[in-house]
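Input: a single structure, listed below in structure tokens.
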2 protein chains.
Amino acid sequence: MRDRVAVLEQLGAAHRHLPLRPDPHERHQQVRAGGFDQRPACGAQVADRGFTALTVEGVAARSGVHKTTVYRRWGNVAGLIADALELAGGEPWPVPDTGTIEGDLRALARLVADGFADPREGPVSTAFVSAAMHDADAARALHAFFMARHDQSSAIVTRAVARGELSADVDPAEVVRAAVAPVYYRLFVSHEPVDAAVADRAAGGALAAARAGALNASV
Amino acid sequence: MRDRVAVLEQLGAAHRHLPLRPDPHERHQQVRAGGFDQRPACGAQVADRGFTALTVEGVAARSGVHKTTVYRRWGNVAGLIADALELAGGEPWPVPDTGTIEGDLRALARLVADGFADPREGPVSTAFVSAAMHDADAARALHAFFMARHDQSSAIVTRAVARGELSADVDPAEVVRAAVAPVYYRLFVSHEPVDAAVADRAAGGALAAARAGALNASV
């Protein structure tokens, strides 16, 4: 158990960032030493920082747990990631609460954009998404993680309904998906740059669609 | 050159499907024989069908080109994929033209959903997206490919503007992104199931956002 915590702690700064919140710990030097501080020159180069940057050896070295112990317990990086995501899904997550649905959705989309742009944590978060694309256990873990995050983030929408900003017919999780999907699309599909303006427009699009009834539960 | 065509032909059914159009060739048996016919039992298992399903050996065997030739020319699967995408980006693509913006955006989102669900071509398309996540050349190639597809698909929006369905202030590529992003988000990030209803709702959300001015070029 002590080994588990030590090892997963190495992924902790990242797993909290999917969908992402500010890292409460300052561990810049530690992660730089791990070789993750490779800021991309352009959107397309984000791929360099993905799955291949995260190795059992690296995680073992940083956690002080012998790599054979890591291999025995988790098998490979995908196994490690699946376990870390499982722990992370149960964590409470500070959902944006700015007082307006517009502010909350912008904050949510910006958390995603900022988290993946972070030179410390972006590469590890990217590794999680990448691992899920070619490992079924990691995919199931990432799915469960996002279901938990959609559920937590739905508070943004239910508060807006309570304030009279949106109709009670809206599907909260669908608004959350719509607010972040264009950011993820640029990051992991079209490999286009992401900035605050991209996040704001994603949030604005989701809000307009929600107001128009296009994201209602019955649609 | 003959070898190049023979090898890339093996990826052809897939690269045409990103963002996707119906496969004009019936090569079910051939691709089944290649071991790609692994229909997922649930959304999360789509990861099983990804990058790892596509090997140099498999492509070489199916194309009749010796694997050492493939290795020498492309280095690895990511190199193959980058080359295939480069060819594909220049191909003309039959953009939906149903007569209404609503019909066109639905058709576009459904092409994406149907293409990745196809047991023949979905796995290879998935491999392309996956490869771009951990190979910079594949990422650049996928980026260029999507830029070309955004550009081609923008005709959907410019026709809608000409018909008076949307304001001329709208950003065509942004409408295209909004219509497909929720489908890709479920496929490759949250690993949720995708069906025609999901595609229709993504298209409907994009259209509502566009009509509200939330996807204008100046926003």
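Residue names in the structure tokens use chain letters A, B, ... in the order shown, residue numbers from 1 in each chain, and ligand numbers from 1 in the order shown.
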- Task: May I have the residues within 7 Å of segment 165-182 of chain A as a PyMOL selection string, using only C-alpha atoms and disregarding those fewer than 3 positions away in the same chain?
- Result: (chain A and resi 105+109+150-151+153-154+157-158+160-161+185-186+202-203+206+210-211+213+215-217) or (chain B and resi 177-178+181-182+185)
For the interface of chain A with chain B (cut-off 7 Å, counting only C-alpha atoms), please tabulate each contacting residue of chain A alongside its nearest pair of atoms and their separation in Å to one decimal, rows sorted by chain and increasing number, as JSON lines.
{"residue": "A:Ala44", "atom": "CA", "partner": "B:Arg140", "partner_atom": "CA", "distance": 5.2}
{"residue": "A:Gln45", "atom": "CA", "partner": "B:Ala136", "partner_atom": "CA", "distance": 5.4}
{"residue": "A:Ala47", "atom": "CA", "partner": "B:Met133", "partner_atom": "CA", "distance": 4.5}
{"residue": "A:Asp48", "atom": "CA", "partner": "B:Ala136", "partner_atom": "CA", "distance": 5.6}
{"residue": "A:Gly50", "atom": "CA", "partner": "B:His134", "partner_atom": "CA", "distance": 5.4}
{"residue": "A:Phe51", "atom": "CA", "partner": "B:His134", "partner_atom": "CA", "distance": 6.1}
{"residue": "A:Thr52", "atom": "CA", "partner": "B:His134", "partner_atom": "CA", "distance": 6.4}
{"residue": "A:Val129", "atom": "CA", "partner": "B:Val189", "partner_atom": "CA", "distance": 6.3}
{"residue": "A:Ser130", "atom": "CA", "partner": "B:Met133", "partner_atom": "CA", "distance": 6.1}
{"residue": "A:Ala132", "atom": "CA", "partner": "B:Ala47", "partner_atom": "CA", "distance": 6.2}
{"residue": "A:Met133", "atom": "CA", "partner": "B:Ala47", "partner_atom": "CA", "distance": 4.5}
{"residue": "A:His134", "atom": "CA", "partner": "B:Ala47", "partner_atom": "CA", "distance": 4.7}
{"residue": "A:Asp135", "atom": "CA", "partner": "B:Ala47", "partner_atom": "CA", "distance": 5.6}
{"residue": "A:Ala136", "atom": "CA", "partner": "B:Ala47", "partner_atom": "CA", "distance": 5.3}
{"residue": "A:Ala139", "atom": "CA", "partner": "B:Ala44", "partner_atom": "CA", "distance": 5.4}
{"residue": "A:Arg140", "atom": "CA", "partner": "B:Ala44", "partner_atom": "CA", "distance": 5.3}
{"residue": "A:Leu142", "atom": "CA", "partner": "B:Ser190", "partner_atom": "CA", "distance": 6.5}
{"residue": "A:His143", "atom": "CA", "partner": "B:Ser190", "partner_atom": "CA", "distance": 4.9}
{"residue": "A:Phe146", "atom": "CA", "partner": "B:Ser190", "partner_atom": "CA", "distance": 5.6}
{"residue": "A:Arg177", "atom": "CA", "partner": "B:Pro182", "partner_atom": "CA", "distance": 6.8}
{"residue": "A:Ala178", "atom": "CA", "partner": "B:Pro182", "partner_atom": "CA", "distance": 6.3}
{"residue": "A:Ala181", "atom": "CA", "partner": "B:Pro182", "partner_atom": "CA", "distance": 5.3}
{"residue": "A:Pro182", "atom": "CA", "partner": "B:Ala181", "partner_atom": "CA", "distance": 5.3}
{"residue": "A:Tyr184", "atom": "CA", "partner": "B:Tyr185", "partner_atom": "CA", "distance": 6.6}
{"residue": "A:Tyr185", "atom": "CA", "partner": "B:Ala181", "partner_atom": "CA", "distance": 5.5}
{"residue": "A:Phe188", "atom": "CA", "partner": "B:Met133", "partner_atom": "CA", "distance": 6.7}
{"residue": "A:Val189", "atom": "CA", "partner": "B:Val129", "partner_atom": "CA", "distance": 6.3}
{"residue": "A:Ser190", "atom": "CA", "partner": "B:His143", "partner_atom": "CA", "distance": 4.9}
{"residue": "A:His191", "atom": "CA", "partner": "B:His143", "partner_atom": "CA", "distance": 5.2}
{"residue": "A:Glu192", "atom": "CA", "partner": "B:His143", "partner_atom": "CA", "distance": 6.9}
{"residue": "A:Arg201", "atom": "CA", "partner": "B:Ala214", "partner_atom": "CA", "distance": 7.0}
{"residue": "A:Gly204", "atom": "CA", "partner": "B:Ala214", "partner_atom": "CA", "distance": 5.8}
{"residue": "A:Gly205", "atom": "CA", "partner": "B:Ala209", "partner_atom": "CA", "distance": 4.9}
{"residue": "A:Ala208", "atom": "CA", "partner": "B:Ala209", "partner_atom": "CA", "distance": 5.0}
{"residue": "A:Ala209", "atom": "CA", "partner": "B:Gly205", "partner_atom": "CA", "distance": 4.9}
{"residue": "A:Ala212", "atom": "CA", "partner": "B:Ala208", "partner_atom": "CA", "distance": 6.2}
{"residue": "A:Ala214", "atom": "CA", "partner": "B:Gly205", "partner_atom": "CA", "distance": 5.3}
{"residue": "A:Leu215", "atom": "CA", "partner": "B:Gly205", "partner_atom": "CA", "distance": 6.6}
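Atom pair atom CA of Glu86 of chain B / atom CA of Ala148 of chain B: separated by 10.2 Å.
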- Query: Just how far from atom CA of Ala78 of chain B is atom CA of Pro123 of chain B, in Å to one decimal?
  - Reply: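 It comes out at 14.7 Å.
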- Enumerate, as a PyMOL selection string, the complete set of residues in segment 40-170 of chain B that a backbone-based DSSP assignment places in helix (DSSP H, G or I). chain B and resi 43-49+51-53+56-63+67-74+77-89+101-117+122-134+136-162
- atom CA of Leu87 of chain A and atom CA of Val194 of chain B are how many Å apart? 26.4 Å
